[in-house]
Each structure stands twice: as structure tokens, then as C-alpha cells.
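Structure below is model17.tsv: TSV, C-alpha atoms.
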chain	number	residue	atom	x	y	z
R	973	MET	CA	55.39	26.29	80.47
R	974	SER	CA	55.61	24.47	83.82
R	975	ASP	CA	56.44	26.21	87.12
R	976	THR	CA	59.59	24.09	87.32
R	977	THR	CA	60.71	25.28	83.91
R	978	ALA	CA	59.90	28.87	84.82
R	979	ARG	CA	61.86	28.62	88.08
R	980	SER	CA	64.77	27.04	86.24
R	981	GLY	CA	64.77	29.88	83.71
R	982	ALA	CA	64.60	32.49	86.47
R	983	GLU	CA	67.44	30.86	88.40
R	984	SER	CA	69.51	30.71	85.22
R	985	ALA	CA	68.88	34.39	84.59
R	986	GLU	CA	69.90	35.25	88.16
R	987	GLU	CA	73.08	33.15	88.07
R	988	GLY	CA	74.23	34.49	84.69
R	989	GLY	CA	72.32	37.74	84.84
R	990	ALA	CA	71.63	39.40	81.52
R	991	ALA	CA	72.81	42.70	82.98
R	992	GLU	CA	76.33	41.20	83.30
R	993	LEU	CA	76.49	40.05	79.67
R	994	SER	CA	78.40	41.85	76.95
R	995	PRO	CA	76.24	43.48	74.25
R	996	LYS	CA	77.06	40.63	71.84
R	997	GLU	CA	76.24	37.96	74.45
R	998	ARG	CA	73.00	39.73	75.33
R	999	PHE	CA	72.02	39.91	71.66
R	1000	GLU	CA	72.77	36.24	71.03
R	1001	ARG	CA	70.84	35.21	74.13
R	1002	ARG	CA	67.89	37.36	73.07
R	1003	VAL	CA	67.94	35.85	69.58
R	1004	ALA	CA	67.96	32.32	71.00
R	1005	ALA	CA	65.10	33.10	73.38
R	1006	TRP	CA	63.05	34.79	70.65
R	1007	LYS	CA	63.48	31.86	68.28
R	1008	ALA	CA	62.30	29.45	70.98
R	1009	ALA	CA	59.30	31.61	71.93
R	1010	ARG	CA	55.84	30.36	71.06
R	1011	ARG	CA	54.18	33.77	70.81
R	1012	VAL	CA	55.75	37.01	69.61
R	1013	LEU	CA	54.62	40.22	67.93
R	1014	TRP	CA	57.30	39.98	65.25
R	1015	ARG	CA	59.98	37.52	64.13
R	1016	PRO	CA	62.91	39.51	62.73
R	1017	SER	CA	64.48	37.90	59.68
R	1018	PHE	CA	67.96	38.64	61.02
R	1019	GLN	CA	67.31	36.14	63.80
R	1020	GLN	CA	66.91	33.29	61.34
R	1021	THR	CA	69.54	30.78	60.24
R	1022	LEU	CA	71.08	30.65	56.78
R	1023	ARG	CA	69.07	27.52	56.05
R	1024	GLU	CA	65.80	29.16	57.07
R	1025	ARG	CA	66.43	32.17	54.86
R	1026	LEU	CA	67.42	30.02	51.90
R	1027	ASP	CA	64.32	27.85	52.36
R	1028	TRP	CA	62.16	30.99	52.44
R	1029	LEU	CA	63.77	32.21	49.22
R	1030	SER	CA	63.40	28.91	47.38
R	1031	GLU	CA	59.78	28.50	48.45
R	1032	GLY	CA	58.73	31.92	47.17
R	1033	ALA	CA	60.99	32.63	44.20
R	1034	GLY	CA	58.96	30.59	41.72
R	1035	ASP	CA	55.89	32.72	42.46
R	1036	VAL	CA	57.54	35.98	41.40
R	1037	CYS	CA	59.90	35.04	38.59
R	1038	ASP	CA	60.52	32.48	35.87
R	1039	LEU	CA	63.41	30.55	37.39
R	1040	ASP	CA	64.38	29.20	33.98
R	1041	GLU	CA	65.30	32.61	32.65
R	1042	ARG	CA	68.97	33.53	32.29
R	1043	ILE	CA	70.69	34.74	35.43
R	1044	ASP	CA	71.21	38.49	35.85
R	1045	MET	CA	74.49	40.11	34.94
R	1046	TYR	CA	75.44	43.68	35.92
R	1047	GLY	CA	71.87	44.84	36.46
R	1048	ASP	CA	69.89	43.18	33.67
R	1049	GLY	CA	67.34	40.36	33.75
R	1050	VAL	CA	65.54	39.96	37.07
R	1051	VAL	CA	67.06	43.24	38.33
R	1052	GLU	CA	65.25	45.09	35.56
R	1053	THR	CA	62.06	43.21	36.45
R	1054	LEU	CA	62.27	44.57	39.99
R	1055	GLU	CA	63.04	48.09	38.77
R	1056	GLU	CA	60.00	48.04	36.48
R	1057	ARG	CA	57.82	46.78	39.33
R	1058	VAL	CA	58.93	49.59	41.63
R	1059	ALA	CA	58.37	52.25	38.98
R	1060	GLU	CA	54.89	50.85	38.39
R	1061	LEU	CA	54.01	50.88	42.10
R	1062	LEU	CA	55.28	54.42	42.63
R	1063	GLY	CA	53.99	55.80	39.34
R	1064	THR	CA	57.37	57.07	38.12
R	1065	GLU	CA	59.01	56.88	34.72
R	1066	ALA	CA	61.79	54.59	35.91
R	1067	ALA	CA	63.62	53.12	38.91
R	1068	VAL	CA	67.14	51.85	39.59
R	1069	PHE	CA	68.22	49.13	42.02
R	1070	PHE	CA	71.02	49.75	44.55
R	1071	PRO	CA	72.70	47.31	46.92
R	1072	THR	CA	72.23	49.71	49.87
R	1073	GLY	CA	70.08	52.68	50.79
R	1074	THR	CA	73.10	54.67	51.93
R	1075	MET	CA	74.53	54.47	48.42
R	1076	ALA	CA	71.16	55.11	46.80
R	1077	GLN	CA	70.48	58.39	48.58
R	1078	GLN	CA	74.00	59.73	48.17
R	1079	VAL	CA	73.78	59.09	44.45
R	1080	VAL	CA	70.36	60.60	43.84
R	1081	LEU	CA	71.08	63.72	45.90
R	1082	ARG	CA	74.45	64.11	44.18
R	1083	CYS	CA	72.62	64.00	40.87
R	1084	TRP	CA	70.17	66.64	42.04
R	1085	ALA	CA	73.04	68.82	43.30
R	1086	GLY	CA	74.56	68.79	39.84
R	1087	ARG	CA	71.26	69.79	38.29
R	1088	THR	CA	70.35	72.54	40.78
R	1089	GLY	CA	73.89	73.83	41.23
R	1090	ASN	CA	73.45	73.68	45.02
R	1091	PRO	CA	74.91	70.80	47.09
R	1092	THR	CA	73.02	71.82	50.25
R	1093	VAL	CA	70.42	69.29	51.43
R	1094	ALA	CA	67.85	70.44	53.98
R	1095	LEU	CA	66.71	67.65	56.29
R	1096	HIS	CA	65.57	66.78	59.79
R	1097	GLY	CA	68.15	66.47	62.54
R	1098	LEU	CA	66.90	62.95	63.31
R	1099	SER	CA	66.91	61.76	59.70
R	1100	HIS	CA	68.76	58.55	58.89
R	1101	PRO	CA	71.62	60.15	56.89
R	1102	GLU	CA	72.34	62.51	59.78
R	1103	VAL	CA	72.23	59.94	62.59
R	1104	HIS	CA	73.19	56.55	61.16
R	1105	GLU	CA	75.50	57.00	58.15
R	1106	ARG	CA	78.70	58.47	59.62
R	1107	GLN	CA	78.38	61.79	57.78
R	1108	ALA	CA	78.41	60.03	54.40
R	1109	PHE	CA	76.78	62.97	52.63
R	1110	SER	CA	79.62	65.36	53.48
R	1111	GLN	CA	82.52	62.91	53.77
R	1112	VAL	CA	81.90	60.95	50.56
R	1113	SER	CA	79.52	62.80	48.26
R	1114	GLY	CA	80.35	66.47	48.63
R	1115	LEU	CA	76.88	67.29	49.91
R	1116	ARG	CA	76.18	69.76	52.70
R	1117	PRO	CA	73.38	68.74	55.06
R	1118	VAL	CA	71.61	71.46	57.05
R	1119	ARG	CA	69.05	70.79	59.77
R	1120	LEU	CA	65.62	72.33	59.51
R	1121	THR	CA	64.60	71.20	63.02
R	1122	ASN	CA	65.40	68.68	65.74
R	1123	GLU	CA	61.84	68.49	67.05
R	1124	PRO	CA	60.32	64.95	67.15
R	1125	ARG	CA	58.08	65.59	64.13
R	1126	LEU	CA	58.48	66.30	60.44
R	1127	PRO	CA	59.58	69.81	59.42
R	1128	THR	CA	56.78	72.32	58.97
R	1129	ALA	CA	56.08	74.44	55.92
R	1130	GLU	CA	57.12	77.52	57.90
R	1131	GLU	CA	60.48	75.97	58.78
R	1132	VAL	CA	61.09	75.14	55.13
R	1133	ARG	CA	59.92	78.53	53.89
R	1134	ASP	CA	61.80	80.56	56.52
R	1135	PHE	CA	65.11	78.69	56.56
R	1136	PRO	CA	67.78	81.42	56.38
R	1137	GLU	CA	69.91	80.02	53.54
R	1138	PRO	CA	69.37	78.46	50.13
R	1139	PHE	CA	69.25	74.70	49.62
R	1140	GLY	CA	69.00	72.65	46.47
R	1141	ALA	CA	67.08	69.68	47.83
R	1142	LEU	CA	64.68	68.93	50.66
R	1143	LEU	CA	64.89	65.41	52.09
R	1144	LEU	CA	61.77	64.15	53.88
R	1145	GLU	CA	61.99	60.85	55.77
R	1146	LEU	CA	58.58	59.16	55.73
R	1147	PRO	CA	58.04	57.95	58.40
R	1148	LEU	CA	60.63	59.63	60.62
R	1149	ARG	CA	61.94	56.54	62.39
R	1150	ASP	CA	63.99	58.04	65.22
R	1151	ALA	CA	61.12	60.30	66.28
R	1152	GLY	CA	58.84	57.27	66.71
R	1153	PHE	CA	57.94	56.35	63.11
R	1154	VAL	CA	55.89	59.54	62.89
R	1155	LEU	CA	54.19	61.06	59.86
R	1156	PRO	CA	52.61	64.44	59.17
R	1157	THR	CA	49.04	64.78	58.00
R	1158	TRP	CA	48.49	64.76	54.26
R	1159	GLU	CA	47.72	68.48	54.37
R	1160	GLU	CA	50.93	69.20	56.29
R	1161	LEU	CA	52.96	67.13	53.85
R	1162	THR	CA	51.57	68.89	50.79
R	1163	GLU	CA	52.21	72.28	52.40
R	1164	VAL	CA	55.84	71.37	53.09
R	1165	VAL	CA	56.30	70.28	49.48
R	1166	GLU	CA	54.75	73.51	48.24
R	1167	ALA	CA	57.08	75.52	50.49
R	1168	ALA	CA	60.09	73.76	48.99
R	1169	ARG	CA	58.81	74.43	45.48
R	1170	GLU	CA	58.51	78.12	46.34
R	1171	ARG	CA	62.23	78.05	47.07
R	1172	ASP	CA	63.02	76.27	43.78
R	1173	ALA	CA	64.24	73.22	45.69
R	1174	VAL	CA	63.66	69.64	44.58
R	1175	VAL	CA	61.91	67.27	46.97
R	1176	HIS	CA	63.32	63.82	47.70
R	1177	ILE	CA	61.48	61.29	49.87
R	1178	ASP	CA	63.57	59.03	52.07
R	1179	GLY	CA	60.95	56.28	51.91
R	1180	ALA	CA	62.82	53.36	53.43
R	1181	ARG	CA	59.51	52.54	55.12
R	1182	LEU	CA	57.23	54.28	52.64
R	1183	TRP	CA	55.38	51.03	51.94
R	1184	GLU	CA	53.40	51.21	55.20
R	1185	CYS	CA	52.41	54.91	54.96
R	1186	THR	CA	49.31	54.49	52.81
R	1187	ALA	CA	46.94	53.76	55.70
R	1188	HIS	CA	47.88	56.91	57.62
R	1189	PHE	CA	47.62	59.20	54.61
R	1190	GLY	CA	44.63	57.48	53.05
R	1191	ARG	CA	46.48	57.73	49.74
R	1192	THR	CA	48.08	55.26	47.32
R	1193	LEU	CA	51.81	54.82	46.97
R	1194	GLU	CA	51.58	56.53	43.61
R	1195	GLU	CA	49.88	59.58	45.13
R	1196	ILE	CA	52.47	59.86	47.91
R	1197	ALA	CA	55.43	59.43	45.58
R	1198	GLY	CA	53.83	61.86	43.14
R	1199	LEU	CA	54.49	64.73	45.54
R	1200	ALA	CA	58.25	64.34	45.18
R	1201	ASP	CA	60.85	64.62	42.46
R	1202	SER	CA	62.48	61.36	43.53
R	1203	VAL	CA	61.84	58.58	46.03
R	1204	TYR	CA	64.06	56.02	47.74
R	1205	VAL	CA	62.59	52.75	49.04
R	1206	SER	CA	64.07	49.81	50.93
R	1207	PHE	CA	63.34	46.14	50.38
R	1208	TYR	CA	64.13	44.74	53.80
R	1209	LYS	CA	62.87	47.11	56.50
R	1210	SER	CA	59.19	46.26	56.02
R	1211	LEU	CA	59.19	43.71	53.22
R	1212	GLY	CA	61.55	41.17	54.75
R	1213	GLY	CA	63.99	41.03	51.84
R	1214	PHE	CA	67.69	40.28	52.13
R	1215	GLY	CA	68.60	43.93	51.54
R	1216	GLY	CA	68.73	46.34	48.66
R	1217	ALA	CA	67.02	49.59	47.72
R	1218	ALA	CA	65.75	51.52	44.75
R	1219	VAL	CA	65.49	55.11	43.60
R	1220	ALA	CA	62.51	56.07	41.47
R	1221	GLY	CA	61.96	59.22	39.46
R	1222	PRO	CA	62.32	60.73	35.98
R	1223	ARG	CA	64.06	58.49	33.46
R	1224	THR	CA	66.87	60.98	32.83
R	1225	LEU	CA	67.63	61.09	36.57
R	1226	VAL	CA	67.56	57.30	36.82
R	1227	ASP	CA	69.93	56.95	33.86
R	1228	GLU	CA	72.37	59.35	35.51
R	1229	ALA	CA	72.01	57.52	38.82
R	1230	LYS	CA	73.01	54.27	37.10
R	1231	THR	CA	76.26	55.90	36.02
R	1232	TRP	CA	77.01	57.02	39.57
R	1233	ARG	CA	75.99	53.61	40.93
R	1234	HIS	CA	78.83	52.14	38.88
R	1235	ARG	CA	81.26	54.77	40.13
R	1236	TYR	CA	80.27	54.09	43.75
R	1237	GLY	CA	80.94	50.38	43.37
R	1238	GLY	CA	77.32	49.30	43.19
R	1239	MET	CA	77.54	47.53	39.83
R	1240	ILE	CA	77.58	43.96	41.19
R	1241	ILE	CA	77.78	41.14	38.69
R	1242	GLN	CA	74.87	39.09	40.11
R	1243	GLN	CA	72.25	40.19	42.61
R	1244	PHE	CA	69.46	37.70	42.04
R	1245	PRO	CA	69.15	36.43	45.66
R	1246	THR	CA	68.56	39.94	47.00
R	1247	VAL	CA	66.37	40.93	44.06
R	1248	LEU	CA	64.24	37.78	44.29
R	1249	SER	CA	63.76	38.38	48.01
R	1250	ALA	CA	62.59	41.92	47.22
R	1251	LEU	CA	60.08	40.64	44.68
R	1252	ILE	CA	58.78	38.12	47.23
R	1253	GLY	CA	58.39	40.92	49.78
R	1254	LEU	CA	56.44	43.04	47.31
R	1255	GLU	CA	54.22	40.07	46.49
R	1256	ARG	CA	53.60	38.78	50.02
R	1257	GLU	CA	54.21	41.50	52.60
R	1258	LEU	CA	53.21	44.70	50.81
R	1259	PRO	CA	49.48	43.74	50.63
R	1260	ARG	CA	49.51	42.83	54.35
R	1261	LEU	CA	50.98	46.08	55.66
R	1262	PRO	CA	47.64	47.94	56.06
R	1263	GLU	CA	46.41	45.06	58.25
R	1264	TYR	CA	49.57	45.29	60.35
R	1265	VAL	CA	49.07	49.04	60.77
R	1266	ALA	CA	45.47	48.56	61.90
R	1267	HIS	CA	46.45	45.90	64.42
R	1268	ALA	CA	49.36	48.00	65.69
R	1269	ARG	CA	46.76	50.44	66.99
R	1270	VAL	CA	45.09	47.63	68.93
R	1271	VAL	CA	48.42	46.47	70.35
R	1272	ALA	CA	49.48	50.01	71.28
R	1273	GLY	CA	46.24	50.66	73.14
R	1274	ALA	CA	46.51	47.38	75.03
R	1275	LEU	CA	50.12	48.12	75.99
R	1276	ARG	CA	49.09	51.47	77.49
R	1277	GLU	CA	46.26	49.85	79.41
R	1278	GLY	CA	48.44	46.97	80.52
R	1279	PHE	CA	51.13	49.17	82.04
R	1280	THR	CA	48.54	51.30	83.82
R	1281	GLU	CA	46.80	48.24	85.24
R	1282	ALA	CA	50.16	46.76	86.30
R	1283	GLY	CA	51.00	49.84	88.34
R	1284	VAL	CA	53.64	51.46	86.14
R	1285	SER	CA	52.42	54.99	86.62
R	1286	TRP	CA	54.62	56.56	83.91
R	1287	ALA	CA	54.65	54.63	80.66
R	1288	ARG	CA	54.27	55.99	77.17
R	1289	VAL	CA	53.41	54.54	73.79
R	1290	HIS	CA	54.51	56.94	71.07
R	1291	PRO	CA	52.63	57.86	68.99
R	1292	GLU	CA	49.58	57.01	71.11
R	1293	GLU	CA	47.91	55.84	67.91
R	1294	PRO	CA	50.71	54.50	65.71
R	1295	HIS	CA	51.09	56.03	62.27
R	1296	THR	CA	52.57	52.80	60.87
R	1297	HIS	CA	52.97	49.24	62.15
R	1298	GLN	CA	55.95	50.37	64.25
R	1299	PHE	CA	56.09	52.62	67.30
R	1300	GLN	CA	58.05	53.33	70.48
R	1301	VAL	CA	57.44	52.28	74.09
R	1302	TRP	CA	58.98	54.44	76.83
R	1303	LEU	CA	59.38	53.24	80.43
R	1304	PRO	CA	60.93	54.79	83.59
R	1305	TYR	CA	63.83	52.37	84.05
R	1306	GLU	CA	67.44	52.07	82.98
R	1307	PRO	CA	67.96	50.24	79.66
R	1308	ASP	CA	69.79	47.30	81.24
R	1309	VAL	CA	66.97	46.74	83.71
R	1310	LEU	CA	64.40	46.59	80.93
R	1311	SER	CA	66.61	44.44	78.70
R	1312	ASP	CA	67.05	41.98	81.56
R	1313	ALA	CA	63.30	41.88	82.28
R	1314	ALA	CA	62.42	41.46	78.60
R	1315	LEU	CA	64.90	38.60	78.24
R	1316	ARG	CA	63.69	36.80	81.36
R	1317	HIS	CA	60.08	37.30	80.25
R	1318	VAL	CA	60.54	35.59	76.90
R	1319	GLU	CA	62.80	32.86	78.33
R	1320	GLU	CA	60.47	31.99	81.19
R	1321	THR	CA	57.06	32.35	79.54
R	1322	GLY	CA	57.69	31.66	75.87
R	1323	THR	CA	55.98	34.96	75.04
R	1324	GLY	CA	57.85	37.94	73.64
R	1325	LEU	CA	56.76	41.58	73.60
R	1326	PHE	CA	60.00	43.44	72.91
R	1327	ALA	CA	62.24	42.02	70.18
R	1328	GLN	CA	64.57	45.01	70.05
R	1329	GLY	CA	67.04	46.33	72.60
R	1330	TRP	CA	66.33	49.25	74.92
R	1331	ASN	CA	67.92	52.67	74.38
R	1332	ARG	CA	68.63	55.38	76.93
R	1333	GLY	CA	66.19	58.26	76.67
R	1334	GLY	CA	67.38	60.16	79.75
R	1335	PRO	CA	68.21	59.51	83.42
R	1336	GLY	CA	66.15	56.51	84.53
R	1337	LEU	CA	64.31	56.49	81.21
R	1338	ALA	CA	64.54	54.14	78.22
R	1339	TYR	CA	62.67	53.30	75.04
R	1340	THR	CA	62.40	50.48	72.54
R	1341	GLU	CA	60.78	49.96	69.17
R	1342	VAL	CA	57.82	47.64	68.69
R	1343	THR	CA	56.96	46.09	65.33
R	1344	VAL	CA	53.56	44.53	64.70
R	1345	ALA	CA	53.66	41.97	61.88
R	1346	GLN	CA	52.09	38.66	60.88
R	1347	PRO	CA	52.63	36.83	64.22
R	1348	ALA	CA	50.92	39.67	66.10
R	1349	LEU	CA	47.63	39.20	64.25
R	1350	GLU	CA	46.93	36.22	66.51
R	1351	TRP	CA	47.09	38.42	69.62
R	1352	THR	CA	43.98	39.96	71.16
R	1353	ALA	CA	44.07	43.05	73.37
R	1354	ASP	CA	43.63	40.74	76.37
R	1355	ASP	CA	46.68	38.74	75.27
R	1356	VAL	CA	48.77	41.90	75.14
R	1357	ARG	CA	47.61	43.08	78.58
R	1358	ALA	CA	48.39	39.66	80.09
R	1359	ALA	CA	51.88	39.72	78.56
R	1360	VAL	CA	52.47	43.19	79.98
R	1361	ARG	CA	51.54	41.98	83.47
R	1362	ALA	CA	54.00	39.10	83.17
R	1363	PHE	CA	56.71	41.47	81.93
R	1364	VAL	CA	56.16	43.96	84.76
R	1365	GLU	CA	56.41	41.13	87.32
R	1366	ARG	CA	60.03	40.82	86.26
R	1367	LEU	CA	60.85	44.46	86.89
R	1368	PRO	CA	62.56	45.29	90.19
R	1369	ASP	CA	60.10	47.96	91.29
R	1370	ARG	CA	56.49	47.96	90.14
R	1371	ASP	CA	55.91	51.40	91.60
R	1372	ALA	CA	58.62	53.10	89.55
R	1373	GLY	CA	57.67	56.39	87.97
Take the structure in this file and express it as C-alpha cells.
Amino acid sequence: MSDTTARSGAESAEEGGAAELSPKERFERRVAAWKAARRVLWRPSFQQTLRERLDWLSEGAGDVCDLDERIDMYGDGVVETLEERVAELLGTEAAVFFPTGTMAQQVVLRCWAGRTGNPTVALHGLSHPEVHERQAFSQVSGLRPVRLTNEPRLPTAEEVRDFPEPFGALLLELPLRDAGFVLPTWEELTEVVEAARERDAVVHIDGARLWECTAHFGRTLEEIAGLADSVYVSFYKSLGGFGGAAVAGPRTLVDEAKTWRHRYGGMIIQQFPTVLSALIGLERELPRLPEYVAHARVVAGALREGFTEAGVSWARVHPEEPHTHQFQVWLPYEPDVLSDAALRHVEETGTGLFAQGWNRGGPGLAYTEVTVAQPALEWTADDVRAAVRAFVERLPDRDAG
């Protein structure tokens, strides 16, 4: 990019400063800048146009399904193909497709509550149902969530064993996204499961991002899922699908879940676009995830080094060695300051480090999430450090912290 272009971009940013934009305007400007960027760590599918997503679907659908078969109707056909594929990958008797993860987990935990006679669900205070679903468990499904801990890690076996009241199900989010996409060790995970069993509780894995956990645990998907009584997985968070989710477990549980899926309004007449996109994700992205995880560790290390070299004396990558291909970056600035700098950086250099917005983590402190995917594999550690220097140049005070 020429100096003239860079100056023009900087002047534009100053005249219509990103800090003065509404959240929607800021998002749209970030999307436009990210799409125009030459080098990024990740290209979110939600930033694509309808045409781009339809082209992606049409290009890959023939590789995962016979397109001359009859279209699905109320959960048969290609929907059953996806369900069988998920059950095979996770080593369970059966699986059932849901249009959303929120519906999927309410249904499966409601089923377990009926079987255990206890509607109480023990979970982490930062788990997705607690933070992002508007109290759906209690408001819609008659479940009673109780928090085992709010610490930025998975619950321990002691916390499960010593919790002062009975619960029918233990929900474990793997990885725990809002704590930094963190995972326990395999030994810690097995001990937590054993502690739940001692209390006669069933174990359910909130595995929206379970697909990328195999590298950290050194175990197969089947081995991880085998610890639990049921597992929920998502088809868009790591696999790039249009949406959708599945619950896997014993066939009797799955059959009951299908009944509740209908009652919750999830029996949609045709779902082939979403289902085909899920099958494409399983075919294309699932085998690549271990490579993304390995490269995320390279990127995370280079980010730490880059901020230190650039004079930002307090900067954190969390976890220091990512457990998956996603992690957090914490910096000592207000969110709007960092959002403005990130936007100017990608607009003026054509290189993007931070695709997501920045969230307040405390006074003068903010964090964002970093995803390392296919585009990032082209980046070396030197590339990351150079991008950090260029980003820091757009911050108002290099000596902050």
C-alpha cells in the first residue's frame, strides 16, 4: 500500500473517527475493511455476502452428498446422513440434529431431568447457557442452573464433589469460551467426571467447540465424548457451517430428544442448506483443526513478543499457550481506543490482526478473541511481530501500562 493511500486512510479515520461511530456503523466498517484486507488471521463467514456463501455451498455440496437424492422432509434424508456421521465421529449410538444449540441443550438436559428426577444443572458461572442465553434454562425449560465456580477455569473434582446440594446433571463446556477457550488436563477432566458419577449425576458436554479439543487432550473425539452421557456439538463455530447443532448419546435419549425437538418448534420441513454446510465443514475443516491449533501457539508467542518489543509493557495472551485455535489478547487501553486502532490498522495496511471487537475487562483494560484458521497458516512469527508493531503505532500512547 502506498504512503499516499495510507495517509488518505489515516485522514479518513481522523475525520470520521471510528470512536464516534455507532456500534452498527463500526461493525459494518470493520467488515468492509476486513474483506478488503490482503492478509488476515481469519476470515469470518458472517462477513461474506449471500452470493459468496451460496457459491461456497454449491462448490462443496457434491463432495459430501448425492445431489440427485430426494430432498429432506422433516428430518429425513440428508439430515439423517449428518446425524449418522456425528454419531460415528463421537462413538455414540445415535445423534439428532437441531436448528440451534440453545434448543439442543435445553432439550437434552430436560430429558435428563425427567430421567434423574432432578432438574438442577450444575455448571460454570461463565458457561454459555448462563451468560448468553437469557436464562433459557429456567425461563423456558424448567431447569435450575447452579454455579459450581466463577473462576476462569473448568470446575475441579473437589468443587463437584463438595457442592452443598444435589444436582441431576453436570454440564461441562469444552473449551470454556468466556474464560479464554480454556481446557483442563485429561487427568483433571476424568477426575471431574468421576466426581459427578459419585454423586449419581449424569455428565453432559457442551461441546460447541469440541472439534478442536483433540490436540490439547491427545485423545480422539470418540475418547473425549466417551466420558460423558451426552454431547452437544455445533456446526458453525469451528466448521464454518451456516448454523445448526447436534446432540449425541444413547439411542433412547436421542429418540426422546426428537420428540422434544418437535415440541420446541425445531421440526423444520427442509434443512438441507444448513445440513449440507455442516457436512462440508466436517469434510474440509475438521481435519485441518489440529494444524490450526499448532499454528495458534506460534501466533500467540509472536504476539507476546511483538507487544513487548513495541513497548507495551503490560500485554497478555491468554492462555499463554493456547489450548485450541482460539485465545484472548488483553491490552491496557479502553475498548474504543483499541477498536479504533485495529480498524485503522487494517484499513491503512491491508493487514488484519483482530477480527473481533474489543470488550471491557476493567478500568483501562480490554480484551478480544483471536482465531487462527486457514489464512493464518501463511503467516510466520516475523509477520505477526511486524503486524503488531504497525498496530501499536496506531495507539495513542505506546508507553501505556
Go through range 1184-1290 of chain R residue by residue and, counting only C-alpha atoms, keep those with an atom at most 8 Å from range 1078-1082 of chain R; for each kept residue give the shortest atom pair and its distance in Å to one decimal, ordered by chain and increasing number, as CSV.
residue,atom,partner,partner_atom,distance
R:Ser1202,CA,R:Val1080,CA,7.9
R:Val1219,CA,R:Val1080,CA,7.3
R:Leu1225,CA,R:Val1080,CA,7.8
R:Ala1229,CA,R:Val1079,CA,6.1
R:Trp1232,CA,R:Val1079,CA,6.2
R:Arg1233,CA,R:Val1079,CA,6.9
For range 1268-1272 of chain R, please output as a list in words all residues within 8 Å (counting all atoms listed in the file; exclusion window: fewer than 6 positions along the same chain).
Val1289, Glu1292, Glu1293, Pro1294, Thr1296, His1297, Gln1298, Thr1343, Val1344, Thr1352, Ala1353 and Val1356 of chain R
Residues from last step as file, C-alpha atoms, as a JSON list (two decimals), keeping the file's coordinate frame:
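As a result, again.json now contains:
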[["chain", "number", "residue", "atom", "x", "y", "z"],
["R", 1289, "VAL", "CA", 53.41, 54.54, 73.79],
["R", 1292, "GLU", "CA", 49.58, 57.01, 71.11],
["R", 1293, "GLU", "CA", 47.91, 55.84, 67.91],
["R", 1294, "PRO", "CA", 50.71, 54.50, 65.71],
["R", 1296, "THR", "CA", 52.57, 52.80, 60.87],
["R", 1297, "HIS", "CA", 52.97, 49.24, 62.15],
["R", 1298, "GLN", "CA", 55.95, 50.37, 64.25],
["R", 1343, "THR", "CA", 56.96, 46.09, 65.33],
["R", 1344, "VAL", "CA", 53.56, 44.53, 64.70],
["R", 1352, "THR", "CA", 43.98, 39.96, 71.16],
["R", 1353, "ALA", "CA", 44.07, 43.05, 73.37],
["R", 1356, "VAL", "CA", 48.77, 41.90, 75.14]]
Kindly compute an axis-aligned box around the listed atoms of range 1343-1353 of chain R, allowing 5 Å on each side, and express its centre and edge lengths in Å to one decimal as AutoDock Vina command-line options.
--center_x 50.5 --center_y 41.2 --center_z 67.1 --size_x 23.0 --size_y 19.9 --size_z 22.5
Would you write out, as JSON lines, a table of all residues in range 1180-1273 of chain R that have an atom no more than 10 Å from an atom of range 1137-1154 of chain R, listing for each the closest atom pair and the distance in Å to one decimal, considering only C-alpha atoms and ordering rows by chain and rising residue number?
{"residue": "R:Ala1180", "atom": "CA", "partner": "R:Leu1146", "partner_atom": "CA", "distance": 7.5}
{"residue": "R:Arg1181", "atom": "CA", "partner": "R:Pro1147", "partner_atom": "CA", "distance": 6.5}
{"residue": "R:Leu1182", "atom": "CA", "partner": "R:Leu1146", "partner_atom": "CA", "distance": 5.9}
{"residue": "R:Trp1183", "atom": "CA", "partner": "R:Leu1146", "partner_atom": "CA", "distance": 9.5}
{"residue": "R:Glu1184", "atom": "CA", "partner": "R:Pro1147", "partner_atom": "CA", "distance": 8.8}
{"residue": "R:Cys1185", "atom": "CA", "partner": "R:Pro1147", "partner_atom": "CA", "distance": 7.3}
{"residue": "R:His1188", "atom": "CA", "partner": "R:Val1154", "partner_atom": "CA", "distance": 9.9}
{"residue": "R:Ile1196", "atom": "CA", "partner": "R:Leu1146", "partner_atom": "CA", "distance": 9.9}
{"residue": "R:Ala1200", "atom": "CA", "partner": "R:Leu1144", "partner_atom": "CA", "distance": 9.4}
{"residue": "R:Asp1201", "atom": "CA", "partner": "R:Ala1141", "partner_atom": "CA", "distance": 9.7}
{"residue": "R:Ser1202", "atom": "CA", "partner": "R:Leu1143", "partner_atom": "CA", "distance": 9.8}
{"residue": "R:Val1203", "atom": "CA", "partner": "R:Leu1144", "partner_atom": "CA", "distance": 9.6}
{"residue": "R:Tyr1204", "atom": "CA", "partner": "R:Glu1145", "partner_atom": "CA", "distance": 9.6}
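CA of Gly1198 in chain R lies 24.6 Å from CA of Ile1252 in chain R.
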For Thr1186 in chain R, the nearest of the candidates R:Tyr1264, R:Trp1351, R:Phe1214, R:Trp1028, counting only C-alpha atoms
R:Tyr1264
Hey, what's within 9 Å of Gly1097 in chain R if we count only C-alpha atoms and toss same-chain stuff fewer than 5 positions away? As a PDB file with C-alpha atoms, keeping the file's coordinate frame, please?
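Saved as result_7.pdb:
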ATOM      1  CA  GLU R1102      72.340  62.510  59.780  1.00  0.00           C
ATOM      2  CA  VAL R1103      72.230  59.940  62.590  1.00  0.00           C
ATOM      3  CA  VAL R1118      71.610  71.460  57.050  1.00  0.00           C
ATOM      4  CA  ARG R1119      69.050  70.790  59.770  1.00  0.00           C
ATOM      5  CA  LEU R1120      65.620  72.330  59.510  1.00  0.00           C
ATOM      6  CA  THR R1121      64.600  71.200  63.020  1.00  0.00           C
ATOM      7  CA  ASN R1122      65.400  68.680  65.740  1.00  0.00           C
ATOM      8  CA  GLU R1123      61.840  68.490  67.050  1.00  0.00           C
TER       9      GLU R1123
END
Please, can range 1163-1171 of chain R be completed to N, CA and C atoms and returned as a short mmCIF file (atom, residue, chain, number, x, y, z; two decimals), in the coordinates of the input?
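In the end it all went to result_4.cif:
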data_model
loop_
_atom_site.label_atom_id
_atom_site.label_comp_id
_atom_site.auth_asym_id
_atom_site.auth_seq_id
_atom_site.Cartn_x
_atom_site.Cartn_y
_atom_site.Cartn_z
N GLU R 1163 51.77 70.91 52.14
CA GLU R 1163 52.21 72.28 52.40
C GLU R 1163 53.73 72.38 52.45
N VAL R 1164 54.38 71.38 53.04
CA VAL R 1164 55.84 71.37 53.09
C VAL R 1164 56.41 71.27 51.68
N VAL R 1165 55.83 70.42 50.86
CA VAL R 1165 56.30 70.28 49.48
C VAL R 1165 56.12 71.59 48.72
N GLU R 1166 54.99 72.23 48.90
CA GLU R 1166 54.75 73.51 48.24
C GLU R 1166 55.76 74.56 48.68
N ALA R 1167 56.10 74.56 49.98
CA ALA R 1167 57.08 75.52 50.49
C ALA R 1167 58.45 75.31 49.85
N ALA R 1168 58.82 74.05 49.65
CA ALA R 1168 60.09 73.76 48.99
C ALA R 1168 60.07 74.22 47.54
N ARG R 1169 58.93 73.99 46.87
CA ARG R 1169 58.81 74.43 45.48
C ARG R 1169 58.96 75.95 45.37
N GLU R 1170 58.40 76.67 46.35
CA GLU R 1170 58.51 78.12 46.34
C GLU R 1170 59.96 78.58 46.38
N ARG R 1171 60.81 77.72 46.96
CA ARG R 1171 62.23 78.05 47.07
C ARG R 1171 63.05 77.43 45.93
#
